[in-house]
Structure formats: structure tokens, C-alpha cells
Amino acid sequence: MSNNKLTKSEEDYIKTIFNLSEFGNKQVSTNSISKVLKIEPASVTDMVKKLSLKKLIYHKKYKGSQISKSGIKVALQIIRKHRLWEVFLHEKLNFKWDKIHNIAEELEHVSSNKLIDKLDDYLKYPKIDPHGDPIPNKLGVIESTIKISLSDLKIFESGIVSRIIKEDDHFFKLLKKLNIQIGTKIKVIEKLEFDNSLEIIIDNKKLLISKKIASNIKITKI
């Protein structure tokens with residue numbers, strides 16, 4: 001199944017199901033898809049039936065949807081396009097780090113594989129996007145590196161921000177306000193027992209951040 005035969009909406013569903021399925025390893029509920037896409041569950045059910053007919057997912061009533069091998073292949077190509085466009089927008093057009101995601105959401109639906117291959121070549125085959133997410137190659141292969149959540153760092157351990165998990169415009173704006181971006185060095189100096197919030201040091205300045213923020217930031221330990 002080639003993703004150039006899919007509608008924009010179908011591609012959005014496939015990418016969402018893939019992301020929720022942890023690389024196809026678990027079933028995804030209709031409600032979780034509905035929540036991410038902000039679409040009524042009844043409409044999600046209709047689309048799930050369409051994608052099942054195209055053999056991009058397997059759906060079992062009351063158990064959820066599981067993405068097929070064909071669906072995974074499509075999802076990885078959509079993700080590849082999205083992340084390459086983010087690199088282009090940030091590095092070549094100087095869009096700010098917290099502004100590129102929504103624009104790339106539109107550009108990821110460009111169907112020309114030749115254009116995307118030329119874009120990849122023009123960008124010198126980047127391995128990660130500006131948020132630290134790995135970019136699949138044209139075969140759908142992703143190079144993985146070991147990263148841990150900032151929330152899992154122990155007291156007095158340090159790391160470099162290497163990936164932002166939550167791709168949300170509001171979250172990016174918050175991180176910008178906190179001066180946290182890819183490459184930022186962070187040291188944990190205290191974990192508060194009450195709510196597991198963290199006191200951290202960035203550029204010799206102390207900050208208090210919630211566990212929710214910390215769990216959406218991936219760190220490479222140093």
C-alpha cells in the first residue's frame with residue numbers, strides 16, 4: 001500500500017495509531033485515537049473500518065486496533081517526511097524551534113517521493129530532527145540511541161537534552177520560556193517527594209519543573 005493513495009485524513013490516522021502503538025507493539029483504543037485527533041469516537045470507528053479494508057490496520061471489536069506491517073511502512077514514511085521538513089524549516093528557512101511542528105504537519109502530506117529523496121540529499125541525510133527525534137531513512141530504518149527521561153535522572157546526575165517527546169506547540173513555548181532545547185545541559189539537584197517535581201540547574205540557574213515536564217524530555221547522560 002503506497003501512502004500516495006491515501007487521503008490526508010487517512011495518513012493522520014495511520015501516524016496517530018503508529019505513535020500510540022509503540023512501534024506496532026500494542027493495540028490502540030478508539031478513545032485514545034479520538035483524544036489525540038480531537039475527533040468524535042463514532043467518526044474514528046468509521047475511519048478504522050476503512051483502514052482495516054485497506055489492510056493498514058487490524059481491528060477487533062472491544063479490543064482496539066493494531067497497525068499492520070503495511071501500515072507501519074506507511075507511517076514511517078509520513079514521519080520521515082515530517083521530520084525532514086522540520087530540519088529544512090529550522091536550518092534553511094530559520095523558523096524558530098517551537099514553530100516548525102505545525103507547518104511540518106501540513107508538509108508531511110506531500111506525496112512526491114522523489115522530492116523527499118532530494119530534500120534528504122540537500123540536507124545531507126540528517127539523523128535527527130530539531131526536536132531530537134530520529135529520522136527514518138527511505139527504507140524506514142531508524143537508528144536508535146539510548147536515552148532516558150529527565151525524570152529518571154538521579155540527584156546530582158547530569159545530561160544533555162536529546163529529544164522532546166511531547167510534540168505540542170504549547171509545550172514548545174513552555175520549554176522556550178524555561179530555556180530548554182536540544183543540547184541544553186541539565187543537572188538534577190533535588191527531587192521533591194510530595195509530587196516528584198525536580199529542582200534542576202541550567203546555566204547556573206535553579207529551576208523547579210514538574211514530573212510531567214521532565215518525563216517528556218529525553219536526556220543523554222554525561
# chains A, B, ... in the order shown; residues from 1 in each chain; ligands from 1

call {"tool": "residues_around", "arguments": {"residues": "segment 77-85 of chain A", "least_positions_apart": "2", "cutoff": "6 Å", "atoms": "only C-alpha atoms", "output": "PyMOL selection string"}}
result
chain A and resi 74-75+87-88+104+108+129+135-136

call {"tool": "write_last_selection", "arguments": {"atoms": "C-alpha atoms", "output": "PDB file, in the first residue's frame"}}
result
ATOM      1  CA  VAL A  74       3.310   3.984   5.529  1.00  0.00           C
ATOM      2  CA  ALA A  75       3.565   5.578   8.983  1.00  0.00           C
ATOM      3  CA  VAL A  87      15.022  20.201   9.613  1.00  0.00           C
ATOM      4  CA  PHE A  88      14.556  22.235   6.424  1.00  0.00           C
ATOM      5  CA  ALA A 104       5.529  20.249   9.039  1.00  0.00           C
ATOM      6  CA  GLU A 108       4.219  15.765   5.567  1.00  0.00           C
ATOM      7  CA  ASP A 129      15.106  16.490  13.596  1.00  0.00           C
ATOM      8  CA  ILE A 135      14.526  10.387  11.144  1.00  0.00           C
ATOM      9  CA  PRO A 136      13.718   7.111   9.331  1.00  0.00           C
TER      10      PRO A 136
END

call {"tool": "select_by_dssp", "arguments": {"residues": "segment 101-159 of chain A", "states": "strand (DSSP E)", "output": "number ranges by chain"}}
result
A: 148-149, 158-159

call {"tool": "write_last_selection", "arguments": {"atoms": "C-alpha atoms", "output": "PDB file, in the first residue's frame"}}
result
ATOM      1  CA  ILE A 148      16.390   8.215  29.431  1.00  0.00           C
ATOM      2  CA  SER A 149      13.715  10.577  30.706  1.00  0.00           C
ATOM      3  CA  SER A 158      23.660  15.467  34.585  1.00  0.00           C
ATOM      4  CA  GLY A 159      22.632  15.036  30.981  1.00  0.00           C
TER       5      GLY A 159
END

call {"tool": "residues_around", "arguments": {"residues": "Val36 of chain A", "least_positions_apart": "3", "cutoff": "10 Å", "atoms": "only C-alpha atoms", "output": "short mmCIF file (atom, residue, chain, number, x, y, z; two decimals) with N, CA and C atoms, in the first residue's frame"}}
result
data_model
loop_
_atom_site.label_atom_id
_atom_site.label_comp_id
_atom_site.auth_asym_id
_atom_site.auth_seq_id
_atom_site.Cartn_x
_atom_site.Cartn_y
_atom_site.Cartn_z
N TYR A 13 -4.52 9.44 10.63
CA TYR A 13 -4.94 8.30 11.46
C TYR A 13 -3.83 7.27 11.57
N THR A 16 -1.05 8.48 13.80
CA THR A 16 -1.50 8.50 15.19
C THR A 16 -1.55 7.10 15.78
N ILE A 17 -2.10 6.16 15.04
CA ILE A 17 -2.17 4.77 15.53
C ILE A 17 -0.77 4.20 15.73
N LEU A 20 0.77 5.76 18.89
CA LEU A 20 0.15 5.24 20.11
C LEU A 20 0.47 3.76 20.35
N ASN A 31 -10.93 5.31 21.72
CA ASN A 31 -10.96 6.53 22.54
C ASN A 31 -9.61 7.25 22.55
N SER A 32 -8.51 6.50 22.55
CA SER A 32 -7.20 7.14 22.56
C SER A 32 -6.93 7.85 21.23
N ILE A 33 -7.38 7.25 20.12
CA ILE A 33 -7.26 7.91 18.81
C ILE A 33 -8.11 9.17 18.79
N ILE A 39 -11.34 14.11 17.54
CA ILE A 39 -12.43 13.70 16.64
C ILE A 39 -13.37 12.78 17.41
#

call {"tool": "select_by_dssp", "arguments": {"residues": "segment 56-188 of chain A", "states": "helix (DSSP H, G or I)", "output": "PyMOL selection string"}}
result
chain A and resi 69-92+100-107+113-122+150-152+169-177

call {"tool": "closest_residue", "arguments": {"among": "A:Lys211, A:Lys221, A:Asn137, A:Glu167", "to": "Glu105 of chain A", "atoms": "only C-alpha atoms"}}
result
A:Glu167

call {"tool": "atom_distance", "arguments": {"atom1": "atom CA of Gly64 of chain A", "atom2": "atom CA of Val28 of chain A"}}
result
5.1 Å

call {"tool": "residues_around", "arguments": {"residues": "Lys26 of chain A", "least_positions_apart": "6", "cutoff": "12 Å", "atoms": "only C-alpha atoms", "output": "PyMOL selection string"}}
result
chain A and resi 17-20+57-59+63-68

call {"tool": "atom_distance", "arguments": {"atom1": "atom CA of Ile217 of chain A", "atom2": "atom CA of Arg163 of chain A"}}
result
6.1 Å

call {"tool": "atom_distance", "arguments": {"atom1": "atom CA of Ser52 of chain A", "atom2": "atom CA of Ser34 of chain A"}}
result
16.9 Å

call {"tool": "residues_around", "arguments": {"residues": "Lys173 of chain A", "least_positions_apart": "6", "cutoff": "12 Å", "atoms": "only C-alpha atoms", "output": "list in words"}}
result
Lys96, Trp97, Asp98, Lys99, Ile100, His101, Lys166, Glu167, Asn179, Ile180 and Gln181 of chain A

call {"tool": "closest_residue", "arguments": {"among": "A:Asp133, A:Glu143, A:Asp152, A:Asp46", "to": "Lys191 of chain A", "atoms": "only C-alpha atoms"}}
result
A:Asp152

call {"tool": "closest_residue", "arguments": {"among": "A:Gly132, A:Gln27, A:Ile14, A:Glu91", "to": "Val44 of chain A", "atoms": "only C-alpha atoms"}}
result
A:Ile14

call {"tool": "closest_residue", "arguments": {"among": "A:Phe171, A:Lys5, A:Gly71, A:Val188", "to": "Ser112 of chain A", "atoms": "only C-alpha atoms"}}
result
A:Lys5

call {"tool": "residues_around", "arguments": {"residues": "Ile213 of chain A", "least_positions_apart": "6", "cutoff": "9 Å", "atoms": "only C-alpha atoms", "output": "compact mmCIF listing (two decimals) with C-alpha atoms, in the first residue's frame"}}
result
# COMPACT_ATOMS: atom_id res chain seq x y z
CA LEU A 150 14.89 13.60 32.65
CA SER A 151 12.56 12.38 35.41
CA PHE A 171 4.80 22.63 25.36
CA LEU A 175 10.34 24.91 27.10
CA SER A 197 8.92 17.56 40.82

call {"tool": "closest_residue", "arguments": {"among": "A:Leu153, A:Leu178, A:Ile202, A:Val141", "to": "Glu190 of chain A", "atoms": "only C-alpha atoms"}}
result
A:Leu153

call {"tool": "closest_residue", "arguments": {"among": "A:Asn113, A:Asn102, A:Asn94, A:Thr7", "to": "Phe172 of chain A", "atoms": "only C-alpha atoms"}}
result
A:Asn102

call {"tool": "residues_around", "arguments": {"residues": "Leu198 of chain A", "least_positions_apart": "2", "cutoff": "12 Å", "atoms": "only C-alpha atoms", "output": "PyMOL selection string"}}
result
chain A and resi 150-156+186-196+200-201+206-215

call {"tool": "write_last_selection", "arguments": {"atoms": "N, CA and C atoms", "output": "compact mmCIF listing (two decimals), in the first residue's frame"}}
result
# COMPACT_ATOMS: atom_id res chain seq x y z
N LEU A 150 14.31 12.72 31.65
CA LEU A 150 14.89 13.60 32.65
C LEU A 150 14.39 13.22 34.04
N SER A 151 13.14 12.77 34.12
CA SER A 151 12.56 12.38 35.41
C SER A 151 13.26 11.18 36.04
N ASP A 152 14.01 10.41 35.21
CA ASP A 152 14.71 9.23 35.72
C ASP A 152 16.16 9.51 36.13
N LEU A 153 16.63 10.74 35.87
CA LEU A 153 17.97 11.09 36.35
C LEU A 153 17.98 11.10 37.88
N LYS A 154 19.07 10.64 38.46
CA LYS A 154 19.19 10.66 39.92
C LYS A 154 19.75 12.01 40.38
N ILE A 155 19.63 12.28 41.66
CA ILE A 155 20.14 13.52 42.23
C ILE A 155 21.64 13.63 41.97
N PHE A 156 22.05 14.80 41.49
CA PHE A 156 23.43 15.16 41.15
C PHE A 156 23.92 14.55 39.83
N ILE A 186 21.59 19.83 31.65
CA ILE A 186 20.74 19.92 32.85
C ILE A 186 21.32 19.04 33.95
N LYS A 187 21.36 19.56 35.16
CA LYS A 187 21.78 18.78 36.32
C LYS A 187 20.64 18.77 37.33
N VAL A 188 20.31 17.58 37.84
CA VAL A 188 19.28 17.43 38.86
C VAL A 188 19.92 17.60 40.22
N ILE A 189 19.36 18.50 41.03
CA ILE A 189 19.93 18.70 42.37
C ILE A 189 18.99 18.27 43.50
N GLU A 190 17.70 18.11 43.16
CA GLU A 190 16.78 17.64 44.20
C GLU A 190 15.51 17.09 43.56
N LYS A 191 14.95 16.05 44.19
CA LYS A 191 13.64 15.52 43.80
C LYS A 191 12.71 15.68 44.99
N LEU A 192 11.60 16.36 44.76
CA LEU A 192 10.67 16.64 45.85
C LEU A 192 9.69 15.48 46.02
N GLU A 193 9.66 14.92 47.21
CA GLU A 193 8.86 13.73 47.48
C GLU A 193 7.37 13.97 47.32
N PHE A 194 6.92 15.18 47.58
CA PHE A 194 5.48 15.49 47.56
C PHE A 194 4.84 15.18 46.21
N ASP A 195 5.45 15.66 45.11
CA ASP A 195 4.86 15.45 43.78
C ASP A 195 5.87 15.01 42.73
N ASN A 196 7.06 14.61 43.18
CA ASN A 196 8.13 14.15 42.27
C ASN A 196 8.61 15.22 41.29
N ILE A 200 16.32 21.64 39.21
CA ILE A 200 17.42 21.43 38.25
C ILE A 200 18.25 22.70 38.12
N ILE A 201 19.43 22.54 37.53
CA ILE A 201 20.30 23.68 37.22
C ILE A 201 20.54 23.73 35.72
N LYS A 206 18.85 27.93 39.00
CA LYS A 206 17.99 26.87 39.52
C LYS A 206 16.56 27.04 39.01
N LEU A 207 15.95 25.90 38.65
CA LEU A 207 14.56 25.88 38.20
C LEU A 207 13.83 24.73 38.87
N LEU A 208 12.54 24.91 39.08
CA LEU A 208 11.71 23.83 39.58
C LEU A 208 10.74 23.44 38.47
N ILE A 209 10.79 22.16 38.05
CA ILE A 209 9.88 21.72 37.00
C ILE A 209 9.10 20.50 37.47
N SER A 210 7.92 20.33 36.90
CA SER A 210 7.05 19.22 37.30
C SER A 210 7.55 17.90 36.72
N LYS A 211 7.08 16.81 37.29
CA LYS A 211 7.42 15.49 36.77
C LYS A 211 6.89 15.32 35.35
N LYS A 212 5.73 15.92 35.06
CA LYS A 212 5.13 15.81 33.72
C LYS A 212 6.04 16.44 32.67
N ILE A 213 6.59 17.60 32.99
CA ILE A 213 7.54 18.24 32.06
C ILE A 213 8.77 17.36 31.89
N ALA A 214 9.32 16.90 33.02
CA ALA A 214 10.56 16.11 32.98
C ALA A 214 10.39 14.80 32.22
N SER A 215 9.22 14.19 32.32
CA SER A 215 9.01 12.89 31.67
C SER A 215 8.89 13.02 30.15
